[in-house]
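Colleague: See protein_8.pdb below, with PDB, C-alpha atoms, pLDDT in the B column.
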```pdb
ATOM      1  CA  MET A  20      18.183 121.046  94.698  1.00 74.00           C
ATOM      2  CA  LYS A  21      16.089 121.803  97.766  1.00 83.00           C
ATOM      3  CA  GLU A  22      17.781 125.188  98.184  1.00 85.00           C
ATOM      4  CA  LEU A  23      17.382 125.911  94.480  1.00 87.00           C
ATOM      5  CA  GLY A  24      13.675 125.148  94.717  1.00 91.00           C
ATOM      6  CA  LYS A  25      13.288 127.482  97.685  1.00 92.00           C
ATOM      7  CA  LEU A  26      15.147 130.192  95.763  1.00 93.00           C
ATOM      8  CA  VAL A  27      12.859 129.806  92.735  1.00 93.00           C
ATOM      9  CA  LEU A  28       9.791 130.189  94.939  1.00 94.00           C
ATOM     10  CA  PHE A  29      11.388 133.231  96.560  1.00 95.00           C
ATOM     11  CA  TYR A  30      11.910 134.804  93.120  1.00 95.00           C
ATOM     12  CA  ARG A  31       8.259 134.114  92.374  1.00 94.00           C
ATOM     13  CA  ASP A  32       7.198 135.925  95.547  1.00 94.00           C
ATOM     14  CA  ILE A  33       9.478 138.879  94.793  1.00 94.00           C
ATOM     15  CA  PHE A  34       8.154 139.328  91.254  1.00 93.00           C
ATOM     16  CA  ARG A  35       4.536 138.973  92.378  1.00 93.00           C
ATOM     17  CA  THR A  36       5.064 141.531  95.126  1.00 91.00           C
ATOM     18  CA  ALA A  37       6.879 143.934  92.800  1.00 89.00           C
ATOM     19  CA  ILE A  38       4.079 143.745  90.216  1.00 89.00           C
ATOM     20  CA  ARG A  39       1.129 144.187  92.552  1.00 87.00           C
ATOM     21  CA  SER A  40       2.637 146.839  94.853  1.00 82.00           C
ATOM     22  CA  LYS A  41       3.504 150.459  94.250  1.00 81.00           C
ATOM     23  CA  GLN A  42       7.256 150.870  94.426  1.00 77.00           C
ATOM     24  CA  ASN A  43       8.955 153.389  96.685  1.00 79.00           C
ATOM     25  CA  HIS A  44      11.303 154.970  94.142  1.00 85.00           C
ATOM     26  CA  ARG A  45      13.035 157.030  96.786  1.00 87.00           C
ATOM     27  CA  GLN A  46      13.920 153.938  98.780  1.00 87.00           C
ATOM     28  CA  ILE A  47      15.136 152.147  95.637  1.00 89.00           C
ATOM     29  CA  PHE A  48      17.307 155.142  94.764  1.00 90.00           C
ATOM     30  CA  GLN A  49      18.782 155.184  98.265  1.00 90.00           C
ATOM     31  CA  GLN A  50      19.619 151.505  98.001  1.00 89.00           C
ATOM     32  CA  MET A  51      21.271 152.059  94.607  1.00 90.00           C
ATOM     33  CA  VAL A  52      23.376 154.879  96.039  1.00 90.00           C
ATOM     34  CA  GLU A  53      24.454 152.564  98.846  1.00 88.00           C
ATOM     35  CA  VAL A  54      25.412 149.846  96.374  1.00 87.00           C
ATOM     36  CA  TYR A  55      27.439 152.330  94.343  1.00 88.00           C
ATOM     37  CA  SER A  56      29.191 153.819  97.354  1.00 87.00           C
ATOM     38  CA  ARG A  57      30.264 150.361  98.510  1.00 85.00           C
ATOM     39  CA  SER A  58      31.290 148.985  95.110  1.00 86.00           C
ATOM     40  CA  PHE A  59      32.416 151.845  92.879  1.00 88.00           C
ATOM     41  CA  SER A  60      36.048 152.048  93.987  1.00 88.00           C
ATOM     42  CA  THR A  61      36.460 148.265  93.884  1.00 86.00           C
ATOM     43  CA  VAL A  62      34.919 148.026  90.404  1.00 86.00           C
ATOM     44  CA  VAL A  63      37.161 150.804  89.093  1.00 88.00           C
ATOM     45  CA  PHE A  64      40.281 149.193  90.565  1.00 87.00           C
ATOM     46  CA  ALA A  65      39.365 145.749  89.240  1.00 85.00           C
ATOM     47  CA  GLY A  66      38.320 147.074  85.828  1.00 85.00           C
ATOM     48  CA  LEU A  67      41.613 148.894  85.374  1.00 88.00           C
ATOM     49  CA  PHE A  68      43.698 145.787  85.982  1.00 87.00           C
ATOM     50  CA  VAL A  69      41.350 143.416  84.135  1.00 86.00           C
ATOM     51  CA  GLY A  70      41.807 145.503  80.986  1.00 87.00           C
ATOM     52  CA  ALA A  71      45.565 145.677  81.529  1.00 88.00           C
ATOM     53  CA  ILE A  72      45.943 141.941  82.154  1.00 88.00           C
ATOM     54  CA  LEU A  73      43.841 140.917  79.166  1.00 88.00           C
ATOM     55  CA  THR A  74      45.841 143.261  76.959  1.00 90.00           C
ATOM     56  CA  LEU A  75      49.130 141.719  78.086  1.00 89.00           C
ATOM     57  CA  GLN A  76      47.838 138.195  77.492  1.00 88.00           C
ATOM     58  CA  PHE A  77      46.436 138.841  74.023  1.00 90.00           C
ATOM     59  CA  GLN A  78      49.417 141.000  73.128  1.00 89.00           C
ATOM     60  CA  MET A  79      51.840 138.089  73.557  1.00 86.00           C
ATOM     61  CA  VAL A  80      49.769 135.872  71.266  1.00 86.00           C
ATOM     62  CA  LEU A  81      48.996 138.440  68.571  1.00 86.00           C
ATOM     63  CA  ALA A  82      52.577 139.684  68.431  1.00 84.00           C
ATOM     64  CA  ASP A  83      53.707 136.248  67.216  1.00 82.00           C
ATOM     65  CA  TYR A  84      51.337 136.567  64.259  1.00 83.00           C
ATOM     66  CA  GLU A  85      52.015 140.275  63.660  1.00 79.00           C
ATOM     67  CA  ALA A  86      48.348 141.008  64.325  1.00 82.00           C
ATOM     68  CA  LEU A  87      48.600 143.705  66.998  1.00 83.00           C
ATOM     69  CA  SER A  88      46.206 145.830  64.940  1.00 85.00           C
ATOM     70  CA  MET A  89      43.422 143.565  66.234  1.00 88.00           C
ATOM     71  CA  LEU A  90      44.436 143.890  69.885  1.00 88.00           C
ATOM     72  CA  GLY A  91      41.806 146.479  70.824  1.00 88.00           C
ATOM     73  CA  GLY A  92      38.869 144.614  69.325  1.00 88.00           C
ATOM     74  CA  ILE A  93      39.774 141.185  70.695  1.00 89.00           C
ATOM     75  CA  THR A  94      40.531 142.493  74.190  1.00 89.00           C
ATOM     76  CA  THR A  95      37.326 144.522  74.369  1.00 87.00           C
ATOM     77  CA  SER A  96      35.218 141.643  73.053  1.00 87.00           C
ATOM     78  CA  ALA A  97      36.590 139.219  75.668  1.00 87.00           C
ATOM     79  CA  CYS A  98      36.117 141.751  78.446  1.00 86.00           C
ATOM     80  CA  VAL A  99      32.553 142.627  77.487  1.00 84.00           C
ATOM     81  CA  ARG A 100      31.401 139.075  76.779  1.00 82.00           C
ATOM     82  CA  GLU A 101      32.880 137.209  79.734  1.00 81.00           C
ATOM     83  CA  VAL A 102      35.377 138.799  82.080  1.00 81.00           C
ATOM     84  CA  GLY A 103      33.615 142.090  82.783  1.00 80.00           C
ATOM     85  CA  PRO A 104      30.216 140.685  83.830  1.00 85.00           C
ATOM     86  CA  LEU A 105      31.812 137.830  85.799  1.00 86.00           C
ATOM     87  CA  ILE A 106      34.303 139.974  87.719  1.00 82.00           C
ATOM     88  CA  ILE A 107      31.720 142.617  88.617  1.00 80.00           C
ATOM     89  CA  SER A 108      29.147 140.018  89.703  1.00 84.00           C
ATOM     90  CA  PHE A 109      31.730 138.285  91.909  1.00 86.00           C
ATOM     91  CA  LEU A 110      32.609 141.635  93.471  1.00 83.00           C
ATOM     92  CA  LEU A 111      28.946 142.395  94.073  1.00 81.00           C
ATOM     93  CA  ALA A 112      28.492 138.946  95.599  1.00 85.00           C
ATOM     94  CA  GLY A 113      31.411 139.478  97.942  1.00 83.00           C
ATOM     95  CA  LYS A 114      30.521 142.986  99.042  1.00 83.00           C
ATOM     96  CA  ILE A 115      26.887 143.835  98.400  1.00 87.00           C
ATOM     97  CA  GLY A 116      25.563 140.281  98.558  1.00 90.00           C
ATOM     98  CA  ALA A 117      27.213 139.577 101.902  1.00 90.00           C
ATOM     99  CA  PHE A 118      26.171 142.947 103.322  1.00 91.00           C
ATOM    100  CA  THR A 119      22.552 142.495 102.208  1.00 93.00           C
ATOM    101  CA  ALA A 120      22.369 138.976 103.649  1.00 94.00           C
ATOM    102  CA  ALA A 121      23.803 140.186 106.953  1.00 94.00           C
ATOM    103  CA  GLU A 122      21.504 143.221 107.082  1.00 94.00           C
ATOM    104  CA  LEU A 123      18.304 141.292 106.377  1.00 95.00           C
ATOM    105  CA  GLY A 124      19.432 138.395 108.538  1.00 95.00           C
ATOM    106  CA  THR A 125      19.974 140.712 111.490  1.00 95.00           C
ATOM    107  CA  MET A 126      16.488 142.158 111.001  1.00 94.00           C
ATOM    108  CA  ARG A 127      15.063 138.643 110.943  1.00 93.00           C
ATOM    109  CA  VAL A 128      16.772 137.265 114.057  1.00 93.00           C
ATOM    110  CA  THR A 129      16.141 140.440 116.084  1.00 93.00           C
ATOM    111  CA  GLU A 130      12.435 140.185 115.173  1.00 89.00           C
ATOM    112  CA  GLN A 131      12.348 143.532 113.361  1.00 91.00           C
ATOM    113  CA  MET A 132      10.569 141.843 110.449  1.00 92.00           C
ATOM    114  CA  ASP A 133       7.991 140.441 112.849  1.00 89.00           C
ATOM    115  CA  ALA A 134       7.397 143.952 114.164  1.00 92.00           C
ATOM    116  CA  ILE A 135       6.893 145.221 110.600  1.00 90.00           C
ATOM    117  CA  GLU A 136       4.326 142.486 109.973  1.00 89.00           C
ATOM    118  CA  CYS A 137       2.511 143.435 113.182  1.00 91.00           C
ATOM    119  CA  LEU A 138       2.173 146.963 111.796  1.00 87.00           C
ATOM    120  CA  GLY A 139       0.407 145.557 108.736  1.00 85.00           C
ATOM    121  CA  THR A 140       3.317 145.956 106.317  1.00 87.00           C
ATOM    122  CA  ASP A 141       4.711 143.187 104.153  1.00 90.00           C
ATOM    123  CA  PRO A 142       8.477 142.930 104.907  1.00 91.00           C
ATOM    124  CA  LEU A 143       9.026 141.434 101.458  1.00 92.00           C
ATOM    125  CA  GLU A 144       7.570 144.561  99.874  1.00 90.00           C
ATOM    126  CA  TYR A 145       9.148 147.037 102.266  1.00 90.00           C
ATOM    127  CA  LEU A 146      12.630 145.512 102.763  1.00 91.00           C
ATOM    128  CA  VAL A 147      13.413 142.994 100.035  1.00 93.00           C
ATOM    129  CA  VAL A 148      11.963 144.322  96.771  1.00 93.00           C
ATOM    130  CA  PRO A 149      13.756 147.739  96.900  1.00 92.00           C
ATOM    131  CA  ARG A 150      17.073 146.031  97.610  1.00 92.00           C
ATOM    132  CA  PHE A 151      16.491 143.487  94.861  1.00 93.00           C
ATOM    133  CA  ILE A 152      15.699 146.119  92.224  1.00 93.00           C
ATOM    134  CA  ALA A 153      18.581 148.334  93.328  1.00 91.00           C
ATOM    135  CA  ILE A 154      21.200 145.565  93.118  1.00 88.00           C
ATOM    136  CA  VAL A 155      20.052 144.424  89.651  1.00 89.00           C
ATOM    137  CA  ASN A 156      20.080 147.970  88.245  1.00 90.00           C
ATOM    138  CA  ALA A 157      23.369 148.810  89.933  1.00 86.00           C
ATOM    139  CA  SER A 158      25.076 145.715  88.525  1.00 80.00           C
ATOM    140  CA  ILE A 159      24.295 146.822  84.964  1.00 82.00           C
ATOM    141  CA  LEU A 160      25.486 150.388  85.508  1.00 87.00           C
ATOM    142  CA  LEU A 161      28.603 149.223  87.362  1.00 85.00           C
ATOM    143  CA  LEU A 162      29.382 147.000  84.376  1.00 76.00           C
ATOM    144  CA  VAL A 163      29.377 150.067  82.121  1.00 81.00           C
ATOM    145  CA  VAL A 164      31.740 151.845  84.508  1.00 87.00           C
ATOM    146  CA  GLY A 165      34.002 148.807  84.776  1.00 83.00           C
ATOM    147  CA  LEU A 166      34.177 148.371  81.002  1.00 80.00           C
ATOM    148  CA  LEU A 167      35.021 152.029  80.399  1.00 83.00           C
ATOM    149  CA  VAL A 168      37.805 151.860  82.983  1.00 89.00           C
ATOM    150  CA  SER A 169      39.103 148.559  81.587  1.00 86.00           C
ATOM    151  CA  LEU A 170      39.185 150.126  78.125  1.00 85.00           C
ATOM    152  CA  GLY A 171      41.301 152.965  79.486  1.00 88.00           C
ATOM    153  CA  GLY A 172      43.643 150.528  81.233  1.00 88.00           C
ATOM    154  CA  SER A 173      44.004 148.365  78.137  1.00 89.00           C
ATOM    155  CA  VAL A 174      44.741 151.352  75.892  1.00 89.00           C
ATOM    156  CA  LEU A 175      47.403 152.564  78.328  1.00 90.00           C
ATOM    157  CA  VAL A 176      49.106 149.170  78.564  1.00 90.00           C
ATOM    158  CA  ALA A 177      48.928 148.575  74.809  1.00 89.00           C
ATOM    159  CA  THR A 178      50.536 151.964  74.177  1.00 89.00           C
ATOM    160  CA  LEU A 179      53.299 151.596  76.767  1.00 89.00           C
ATOM    161  CA  THR A 180      54.235 147.940  76.282  1.00 86.00           C
ATOM    162  CA  ALA A 181      53.418 147.194  72.628  1.00 82.00           C
ATOM    163  CA  GLY A 182      53.715 150.630  71.058  1.00 85.00           C
ATOM    164  CA  VAL A 183      50.194 150.404  69.625  1.00 85.00           C
ATOM    165  CA  ASN A 184      48.743 153.701  68.500  1.00 87.00           C
ATOM    166  CA  PRO A 185      45.760 154.556  70.771  1.00 88.00           C
ATOM    167  CA  LEU A 186      43.662 155.622  67.766  1.00 89.00           C
ATOM    168  CA  GLN A 187      44.419 152.351  65.976  1.00 86.00           C
ATOM    169  CA  TYR A 188      43.528 150.444  69.131  1.00 87.00           C
ATOM    170  CA  ILE A 189      40.151 152.154  69.488  1.00 88.00           C
ATOM    171  CA  THR A 190      39.231 151.937  65.790  1.00 88.00           C
ATOM    172  CA  SER A 191      39.740 148.158  65.845  1.00 87.00           C
ATOM    173  CA  ILE A 192      37.080 147.702  68.525  1.00 88.00           C
ATOM    174  CA  PRO A 193      33.980 147.879  66.254  1.00 88.00           C
ATOM    175  CA  ARG A 194      35.406 145.046  64.101  1.00 85.00           C
ATOM    176  CA  PHE A 195      35.137 142.561  66.976  1.00 85.00           C
ATOM    177  CA  ALA A 196      32.846 144.189  69.533  1.00 83.00           C
ATOM    178  CA  GLY A 197      29.656 145.370  67.861  1.00 83.00           C
ATOM    179  CA  MET A 198      26.321 146.146  69.441  1.00 87.00           C
ATOM    180  CA  ASP A 199      25.523 142.436  69.710  1.00 86.00           C
ATOM    181  CA  VAL A 200      28.583 141.925  71.922  1.00 87.00           C
ATOM    182  CA  PHE A 201      27.660 144.825  74.194  1.00 86.00           C
ATOM    183  CA  ALA A 202      24.037 143.612  74.345  1.00 87.00           C
ATOM    184  CA  ALA A 203      25.286 140.156  75.367  1.00 88.00           C
ATOM    185  CA  GLY A 204      27.406 141.704  78.100  1.00 86.00           C
ATOM    186  CA  MET A 205      24.461 143.705  79.423  1.00 87.00           C
ATOM    187  CA  PHE A 206      22.233 140.639  79.337  1.00 90.00           C
ATOM    188  CA  LYS A 207      24.737 138.570  81.304  1.00 90.00           C
ATOM    189  CA  SER A 208      25.248 141.378  83.794  1.00 86.00           C
ATOM    190  CA  ALA A 209      21.482 141.597  84.388  1.00 89.00           C
ATOM    191  CA  VAL A 210      21.246 137.823  84.901  1.00 92.00           C
ATOM    192  CA  TYR A 211      24.192 137.764  87.313  1.00 91.00           C
ATOM    193  CA  GLY A 212      22.866 140.791  89.168  1.00 90.00           C
ATOM    194  CA  THR A 213      19.505 139.047  89.551  1.00 93.00           C
ATOM    195  CA  ILE A 214      21.293 136.036  91.027  1.00 94.00           C
ATOM    196  CA  VAL A 215      23.304 138.147  93.469  1.00 92.00           C
ATOM    197  CA  ALA A 216      20.224 140.071  94.590  1.00 93.00           C
ATOM    198  CA  GLY A 217      17.953 137.037  94.877  1.00 95.00           C
ATOM    199  CA  VAL A 218      20.361 134.748  96.719  1.00 95.00           C
ATOM    200  CA  ALA A 219      21.505 137.440  99.175  1.00 94.00           C
ATOM    201  CA  CYS A 220      17.948 138.541  99.967  1.00 95.00           C
ATOM    202  CA  HIS A 221      16.749 134.948 100.313  1.00 95.00           C
ATOM    203  CA  GLN A 222      19.517 133.933 102.701  1.00 95.00           C
ATOM    204  CA  GLY A 223      19.004 137.022 104.851  1.00 94.00           C
ATOM    205  CA  PHE A 224      15.207 136.847 104.770  1.00 94.00           C
ATOM    206  CA  THR A 225      15.147 133.209 105.904  1.00 93.00           C
ATOM    207  CA  ALA A 226      17.963 133.436 108.472  1.00 93.00           C
ATOM    208  CA  SER A 227      17.403 131.949 111.921  1.00 90.00           C
ATOM    209  CA  GLY A 228      19.376 131.031 115.035  1.00 89.00           C
ATOM    210  CA  GLY A 229      20.666 134.351 116.298  1.00 89.00           C
ATOM    211  CA  ALA A 230      24.109 135.749 115.462  1.00 88.00           C
ATOM    212  CA  LYS A 231      25.347 132.327 114.316  1.00 92.00           C
ATOM    213  CA  GLY A 232      22.435 132.101 111.902  1.00 93.00           C
ATOM    214  CA  VAL A 233      23.323 135.490 110.416  1.00 94.00           C
ATOM    215  CA  GLY A 234      26.903 134.329 109.906  1.00 94.00           C
ATOM    216  CA  ASN A 235      25.678 131.170 108.209  1.00 93.00           C
ATOM    217  CA  ALA A 236      23.394 133.235 105.964  1.00 93.00           C
ATOM    218  CA  VAL A 237      26.325 135.374 104.814  1.00 94.00           C
ATOM    219  CA  THR A 238      28.501 132.318 104.186  1.00 93.00           C
ATOM    220  CA  TRP A 239      25.881 130.436 102.207  1.00 93.00           C
ATOM    221  CA  ALA A 240      24.957 133.569 100.274  1.00 93.00           C
ATOM    222  CA  ALA A 241      28.535 133.832  99.016  1.00 91.00           C
ATOM    223  CA  ILE A 242      28.786 130.110  98.212  1.00 92.00           C
ATOM    224  CA  TYR A 243      25.461 129.803  96.404  1.00 93.00           C
ATOM    225  CA  THR A 244      25.883 133.078  94.536  1.00 94.00           C
ATOM    226  CA  ASN A 245      29.256 132.124  93.046  1.00 91.00           C
ATOM    227  CA  LEU A 246      27.994 128.629  92.207  1.00 92.00           C
ATOM    228  CA  TYR A 247      24.857 129.897  90.471  1.00 94.00           C
ATOM    229  CA  ILE A 248      26.800 132.569  88.578  1.00 93.00           C
ATOM    230  CA  VAL A 249      29.202 129.968  87.151  1.00 92.00           C
ATOM    231  CA  LEU A 250      26.257 127.794  86.097  1.00 93.00           C
ATOM    232  CA  ALA A 251      24.433 130.815  84.679  1.00 93.00           C
ATOM    233  CA  ASN A 252      27.543 131.750  82.700  1.00 92.00           C
ATOM    234  CA  PHE A 253      27.405 128.401  80.909  1.00 92.00           C
ATOM    235  CA  VAL A 254      23.663 128.585  80.291  1.00 93.00           C
ATOM    236  CA  THR A 255      23.660 132.202  79.074  1.00 92.00           C
ATOM    237  CA  SER A 256      26.657 131.571  76.811  1.00 89.00           C
ATOM    238  CA  GLN A 257      24.845 128.649  75.181  1.00 90.00           C
ATOM    239  CA  PHE A 258      21.651 130.689  74.902  1.00 91.00           C
ATOM    240  CA  LEU A 259      23.413 133.675  73.309  1.00 87.00           C
ATOM    241  CA  GLU A 260      25.264 131.393  70.901  1.00 85.00           C
ATOM    242  CA  MET A 261      21.958 129.839  69.875  1.00 87.00           C
ATOM    243  CA  ILE A 262      20.419 133.280  69.365  1.00 84.00           C
ATOM    244  CA  GLY A 263      23.459 134.322  67.339  1.00 77.00           C
ATOM    245  CA  HIS A 264      23.133 131.320  65.038  1.00 77.00           C
ATOM    246  CA  LEU A 265      19.384 131.844  64.734  1.00 79.00           C
ATOM    247  CA  PHE A 266      19.556 135.492  63.716  1.00 73.00           C
ATOM    248  CA  GLY A 267      22.959 135.330  62.096  1.00 64.00           C
ATOM    249  CA  GLY A 268      22.005 132.659  59.627  1.00 52.00           C
ATOM    250  CA  GLY A 269      24.314 130.073  61.217  1.00 47.00           C
ATOM    251  CA  HIS A 270      27.488 132.136  60.685  1.00 44.00           C
TER     252      HIS A 270
END
```
The structure given in the file should be rewritten as structure tokens.

Modeller:
Amino acid sequence: MKELGKLVLFYRDIFRTAIRSKQNHRQIFQQMVEVYSRSFSTVVFAGLFVGAILTLQFQMVLADYEALSMLGGITTSACVREVGPLIISFLLAGKIGAFTAAELGTMRVTEQMDAIECLGTDPLEYLVVPRFIAIVNASILLLVVGLLVSLGGSVLVATLTAGVNPLQYITSIPRFAGMDVFAAGMFKSAVYGTIVAGVACHQGFTASGGAKGVGNAVTWAAIYTNLYIVLANFVTSQFLEMIGHLFGGGH
């Protein structure tokens, strides 16, 4: 709980700094490019096999009920609602989160942040906020990429293994995965991306104890990020279900 409290206060400082300061859009763009370059290939690879695996799993169940015509919609809905945001956030936590914690932690223990403060610049504004914004935005866009790739992988597997017509597969998607499903996926991706960015930046920003401290920051960043994402998955699912009942008339 102590660490969670520190993280909440750190989020408060980030948001206050982001609101009152003028953002360096060039620096944010550079950070987003770095996130993409480090994560794009992994997201594409994972998305391809996530779509394929989900298709195989649902295919075995639906085939028993002669309901393969619903395969595309059910697979896409599950991927967008749960699997896609979770997988991409875990990948970001393992690659970008660890890298960010190590990068900021190294700056902290080598007193580079102290030097920045001596020059009259806020290290939170100059180092943390651009990385935070870049990771959150990148997580949402990487989700879109991952979902498109997973759709391609699922269509390919459904065609080759179940003999489902690709057009029939795609036309069944709107029946189960409407705009509300895609909005829920985007919302979850933004929440998870905020967790990855905040935890990684916090662990790196508060690192101490030399090289060992940097290693500890990376380790704890990975542990806390995955823990908070799992908890956030439960909370956001309950929240979205409540919103669905509220605006859907309880259906």

Colleague: With all atoms listed in the file as the basis for distance, which of A:Val147, A:Ile214, A:Val249, A:Ala121 is at the shortest distance from A:Gly232?

Modeller: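 Closest candidate: A:Ala121.
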
Colleague: Write out as a list in words which residues come within 9 Å of A:Trp239 when counting all atoms listed in the file, dropping same-chain ones fewer than 6 positions away.

Modeller: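 Non-adjacent residues within range: Val218, Ala219 and Gln222 of chain A.
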
Colleague: Take the selection from the previous step and output its residues with C-alpha atoms, as a short mmCIF file (atom, residue, chain, number, x, y, z; two decimals), in the frame of the given file.

Modeller:
```cif
data_model
loop_
_atom_site.label_atom_id
_atom_site.label_comp_id
_atom_site.auth_asym_id
_atom_site.auth_seq_id
_atom_site.Cartn_x
_atom_site.Cartn_y
_atom_site.Cartn_z
CA VAL A 218 20.36 134.75 96.72
CA ALA A 219 21.50 137.44 99.18
CA GLN A 222 19.52 133.93 102.70
#
```

Colleague: Measure the distance from atom CA of A:Ala177 to atom CA of A:Cys98 in Å and round it to one decimal.

Modeller: 15.0 Å

Colleague: Quick one: which residues end up in the PyMOL selection byres ((chain A and resi 153) around 9) for this structure, as a CSV table (one decimal) with C-alpha atoms, keeping the file's coordinate frame?

Modeller:
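This went into out-v7.csv:
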```csv
chain,number,residue,atom,x,y,z
A,47,ILE,CA,15.1,152.1,95.6
A,48,PHE,CA,17.3,155.1,94.8
A,49,GLN,CA,18.8,155.2,98.3
A,50,GLN,CA,19.6,151.5,98.0
A,51,MET,CA,21.3,152.1,94.6
A,52,VAL,CA,23.4,154.9,96.0
A,54,VAL,CA,25.4,149.8,96.4
A,148,VAL,CA,12.0,144.3,96.8
A,149,PRO,CA,13.8,147.7,96.9
A,150,ARG,CA,17.1,146.0,97.6
A,151,PHE,CA,16.5,143.5,94.9
A,152,ILE,CA,15.7,146.1,92.2
A,154,ILE,CA,21.2,145.6,93.1
A,155,VAL,CA,20.1,144.4,89.7
A,156,ASN,CA,20.1,148.0,88.2
A,157,ALA,CA,23.4,148.8,89.9
A,158,SER,CA,25.1,145.7,88.5
A,216,ALA,CA,20.2,140.1,94.6
```

Colleague: Might you spell out which residues the PyMOL selection byres ((chain A and resi 109-118) around 10) would select in the displayed file, as a PyMOL selection string?

Modeller: chain A and resi 53-55+57-58+61-62+65+104-108+119-124+154+157-158+161+211-212+214-220+222-223+234+236-245+248-249

Colleague: Translate the PyMOL selection byres ((chain A and resi 187) around 12) into a concrete residue list for this structure, as a PyMOL selection string.

Modeller: chain A and resi 87-92+174+177-178+182-186+188-194

Colleague: Would you export the selected residues with C-alpha atoms as a PDB file, in the coordinates of the input, please?

Modeller:
```
ATOM      1  CA  LEU A  87      48.600 143.705  66.998  1.00 83.00           C
ATOM      2  CA  SER A  88      46.206 145.830  64.940  1.00 85.00           C
ATOM      3  CA  MET A  89      43.422 143.565  66.234  1.00 88.00           C
ATOM      4  CA  LEU A  90      44.436 143.890  69.885  1.00 88.00           C
ATOM      5  CA  GLY A  91      41.806 146.479  70.824  1.00 88.00           C
ATOM      6  CA  GLY A  92      38.869 144.614  69.325  1.00 88.00           C
ATOM      7  CA  VAL A 174      44.741 151.352  75.892  1.00 89.00           C
ATOM      8  CA  ALA A 177      48.928 148.575  74.809  1.00 89.00           C
ATOM      9  CA  THR A 178      50.536 151.964  74.177  1.00 89.00           C
ATOM     10  CA  GLY A 182      53.715 150.630  71.058  1.00 85.00           C
ATOM     11  CA  VAL A 183      50.194 150.404  69.625  1.00 85.00           C
ATOM     12  CA  ASN A 184      48.743 153.701  68.500  1.00 87.00           C
ATOM     13  CA  PRO A 185      45.760 154.556  70.771  1.00 88.00           C
ATOM     14  CA  LEU A 186      43.662 155.622  67.766  1.00 89.00           C
ATOM     15  CA  TYR A 188      43.528 150.444  69.131  1.00 87.00           C
ATOM     16  CA  ILE A 189      40.151 152.154  69.488  1.00 88.00           C
ATOM     17  CA  THR A 190      39.231 151.937  65.790  1.00 88.00           C
ATOM     18  CA  SER A 191      39.740 148.158  65.845  1.00 87.00           C
ATOM     19  CA  ILE A 192      37.080 147.702  68.525  1.00 88.00           C
ATOM     20  CA  PRO A 193      33.980 147.879  66.254  1.00 88.00           C
ATOM     21  CA  ARG A 194      35.406 145.046  64.101  1.00 85.00           C
TER      22      ARG A 194
END
```
